[in-house]
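Working notes for the structure below.
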2 protein chains.
Amino acid sequence: MEDRRQKIVEAGLQVLREFGYSAFTQPRIAALTGLRQSHLTYYFPTRADLLEAVARAAVEAQLAALGAALSSGAELSAVLGAMVARHDNTRVLMALAQAADQEPALRTIFRDLTTGIVERVSGRLPAAATDAAGDFIHALGVGLAVIELAIGRPDGAARTQAVLQVAFRHLG
Amino acid sequence: MEDRRQKIVEAGLQVLREFGYSAFTQPRIAALTGLRQSHLTYYFPTRADLLEAVARAAVEAQLAALGAALSSGAELSAVLGAMVARHDNTRVLMALAQAADQEPALRTIFRDLTTGIVERVSGRLPAAATDAAGDFIHALGVGLAVIELAIGRPDGAARTQAVLQVAFRHLG
DNA sequence: GTCTATAGATAGATAGAC
DNA sequence: GTCTATCTATCTATAGAC
């Protein structure tokens, strides 16, 4: 049943969000779905197959969330600040980056995420902004998210706010 | 012997540099030193103990490398570009971030790294630069490094160069 | 086609040999 | 004090039951 596949992928994504890449194991994911571990391998023969499916779902979810936040009418800087503060997002992002580093097949998926974010962000930048401004904002967001995750609150949050102010003052 | 401890920590760091956090296992590290896995646990009773020691050594090494690069007289933007391109650095950075997220005891160590980088970078910024400019440059560098690692060359490298130009034009 | 028992590999930690 | 054989836990994959 296709429904099962969906459930499994959703569980895999949840594991990444809550516990990060190192917790991405079949037993953990299986426990979340109520299935046996050996059952997972029927739908996804290898761990890599499952990871690829979860990565695609992750990209889709991230882009949808960003799209929704942007179309809410809030300021770009506010939207960015909120995304950076979502540690579950950051865990997924880092998992994708790590996986892409190890498995070239996943690089394409990570590229899709990057392209999608830059596209959506660029549409919100001042017309005068240079071509690389979208990449610039994206990279800044990624860096802030990683640092805030690792440093922890409240230090990280304050740092993020100050940096975003600097960046957006420059962009106008 | 203290020499053994040093050797083990060095091997652990090398594993992080080459293969990332998911490869940080006692068997792998032991193989690199020629010791038995069970021997490692004499010097570092638990995996967490070893990780902590390796994390401290990593911070020290990263800061030393940055210091050396900065005092070479090269432009700050060039130094930053070179650091971002060092994927082994990025793997270590991501390992520290991931570990800090899971183990609060490691957050302090990650903070030391952040503080050290920001200090060293800030000393090279224009006097007119605002207080958060060091954090800004640091976050941008982290983001660029992660993206370049995951996207791979040559796409990542070109993107990095374009973004650095944008950023440094603003800083003057 | 759907599911599970079980094998095979690898991880971390301990008790104990020297 | 230094080192290792070994136990236990956990992970992935396969062969085969229904």
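Here's how to read the names in the structure tokens: chain A, B, ... by the order shown, residue numbers from 1 in each chain, ligand numbers from 1 in the order shown.
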
Please report as CSV every residue of chain D lying within 10 Å of chain B, along with the nearest atom pair and their distance in Å (one decimal), using only C-alpha atoms (C1' of nucleotides).
residue,atom,partner,partner_atom,distance
D:DG1,C1',B:Met1,CA,9.7
D:DT2,C1',B:Tyr42,CA,8.4
D:DC3,C1',B:His39,CA,6.2
D:DT4,C1',B:Ser38,CA,6.8
D:DA5,C1',B:Ser38,CA,9.2

Inset, instruction - Considering only C-alpha atoms (C1' of nucleotides), return as a PyMOL selection string whatever protein or nucleic-acid residues lie within 9 Å of segment 15-29 of chain A, sequence-local ones (same chain, fewer than 4 positions apart) excluded. - result: (chain A and resi 8-11+33-38+40-41+47+50-51+87-92+94-96+98-99) or (chain B and resi 21-22+98+101-102) or (chain D and resi 10-12)

Legend entry - Interface list for chain B, partner chain A, 7 Å threshold, only C-alpha atoms, as a ChimeraX atom specification: /B:22,97-98,100-101,107,110-111,132,135-136,139-140,142-144,146,149-151,162-163,170

Could the residues in this selection be written to a file with N, CA and C atoms, as a JSON list (two decimals), in the first residue's frame?
[["chain", "number", "residue", "atom", "x", "y", "z"],
["B", 22, "SER", "N", 29.55, 10.96, 11.34],
["B", 22, "SER", "CA", 28.97, 9.62, 11.37],
["B", 22, "SER", "C", 30.05, 8.54, 11.37],
["B", 97, "ALA", "N", 28.91, 21.08, 15.74],
["B", 97, "ALA", "CA", 27.56, 21.63, 15.88],
["B", 97, "ALA", "C", 26.56, 20.54, 16.24],
["B", 98, "GLN", "N", 26.67, 19.42, 15.55],
["B", 98, "GLN", "CA", 25.76, 18.31, 15.80],
["B", 98, "GLN", "C", 25.94, 17.78, 17.22],
["B", 100, "ALA", "N", 27.17, 19.37, 19.76],
["B", 100, "ALA", "CA", 26.74, 20.38, 20.73],
["B", 100, "ALA", "C", 25.22, 20.37, 20.87],
["B", 101, "ASP", "N", 24.54, 20.09, 19.77],
["B", 101, "ASP", "CA", 23.08, 20.04, 19.81],
["B", 101, "ASP", "C", 22.60, 18.89, 20.69],
["B", 107, "ARG", "N", 28.48, 22.36, 24.21],
["B", 107, "ARG", "CA", 28.10, 23.71, 23.76],
["B", 107, "ARG", "C", 29.16, 24.72, 24.14],
["B", 110, "PHE", "N", 31.88, 24.63, 21.65],
["B", 110, "PHE", "CA", 31.48, 25.29, 20.40],
["B", 110, "PHE", "C", 31.49, 26.81, 20.57],
["B", 111, "ARG", "N", 31.06, 27.25, 21.73],
["B", 111, "ARG", "CA", 31.09, 28.70, 22.00],
["B", 111, "ARG", "C", 32.51, 29.23, 21.92],
["B", 132, "ALA", "N", 28.33, 44.10, 15.51],
["B", 132, "ALA", "CA", 27.92, 42.76, 15.11],
["B", 132, "ALA", "C", 28.56, 42.31, 13.80],
["B", 135, "ASP", "N", 30.32, 38.91, 13.98],
["B", 135, "ASP", "CA", 29.34, 37.81, 13.97],
["B", 135, "ASP", "C", 28.77, 37.62, 12.57],
["B", 136, "PHE", "N", 28.55, 38.72, 11.91],
["B", 136, "PHE", "CA", 27.99, 38.68, 10.57],
["B", 136, "PHE", "C", 28.91, 37.93, 9.61],
["B", 139, "ALA", "N", 29.01, 34.15, 10.54],
["B", 139, "ALA", "CA", 27.82, 33.40, 10.13],
["B", 139, "ALA", "C", 27.81, 33.19, 8.62],
["B", 140, "LEU", "N", 28.18, 34.20, 7.90],
["B", 140, "LEU", "CA", 28.21, 34.07, 6.44],
["B", 140, "LEU", "C", 29.20, 32.98, 6.03],
["B", 142, "VAL", "N", 30.23, 30.41, 7.78],
["B", 142, "VAL", "CA", 29.71, 29.08, 8.15],
["B", 142, "VAL", "C", 28.68, 28.61, 7.12],
["B", 143, "GLY", "N", 27.76, 29.49, 6.77],
["B", 143, "GLY", "CA", 26.74, 29.13, 5.80],
["B", 143, "GLY", "C", 27.34, 28.76, 4.45],
["B", 144, "LEU", "N", 28.25, 29.56, 3.99],
["B", 144, "LEU", "CA", 28.88, 29.29, 2.69],
["B", 144, "LEU", "C", 29.61, 27.94, 2.72],
["B", 146, "VAL", "N", 29.04, 25.27, 4.59],
["B", 146, "VAL", "CA", 28.10, 24.15, 4.61],
["B", 146, "VAL", "C", 27.50, 23.93, 3.22],
["B", 149, "LEU", "N", 30.07, 22.55, 0.75],
["B", 149, "LEU", "CA", 30.33, 21.13, 1.02],
["B", 149, "LEU", "C", 29.24, 20.24, 0.42],
["B", 150, "ALA", "N", 28.01, 20.66, 0.60],
["B", 150, "ALA", "CA", 26.89, 19.82, 0.19],
["B", 150, "ALA", "C", 26.62, 19.88, -1.31],
["B", 151, "ILE", "N", 26.82, 21.04, -1.87],
["B", 151, "ILE", "CA", 26.53, 21.20, -3.31],
["B", 151, "ILE", "C", 27.67, 20.65, -4.15],
["B", 162, "ALA", "N", 30.96, 34.80, -5.49],
["B", 162, "ALA", "CA", 30.01, 35.87, -5.78],
["B", 162, "ALA", "C", 29.44, 36.47, -4.50],
["B", 163, "VAL", "N", 29.10, 35.60, -3.56],
["B", 163, "VAL", "CA", 28.52, 36.09, -2.30],
["B", 163, "VAL", "C", 29.54, 36.88, -1.50],
["B", 170, "HIS", "N", 29.76, 45.69, 0.78],
["B", 170, "HIS", "CA", 28.98, 46.40, 1.78],
["B", 170, "HIS", "C", 29.84, 46.86, 2.95]]

Inset, instruction - Counting only C-alpha atoms (C1' of nucleotides), figure out which residue out of C:DG8, C:DA13, C:DC18, C:DT2 gets nearest to DA9 of chain D. - result: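 Counting only C-alpha atoms (C1' of nucleotides), the residue closest to DA9 of chain D is C:DA13.
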
Inset, instruction - Using only C-alpha atoms (C1' of nucleotides), find which residues of chain C lie within 12 Å of chain B and jot them down as a PyMOL selection string. - result: chain C and resi 10-15

Inset, instruction - From the DSSP assignment of the backbone, select every residue of segment 89-171 of chain B that is alpha helix (DSSP H), and format the answer as a PyMOL selection string. - result: chain B and resi 89-102+107-122+133-151+155-171

Legend entry - Interatomic distance, atom CA of Gly81 of chain B to atom CA of Leu125 of chain B (Å, one decimal):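 Here the two named atoms are 15.5 Å from each other.
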
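Reported to one decimal place, the separation of atom CA of Arg56 of chain A from atom CA of Val79 of chain A is 23.0 Å.
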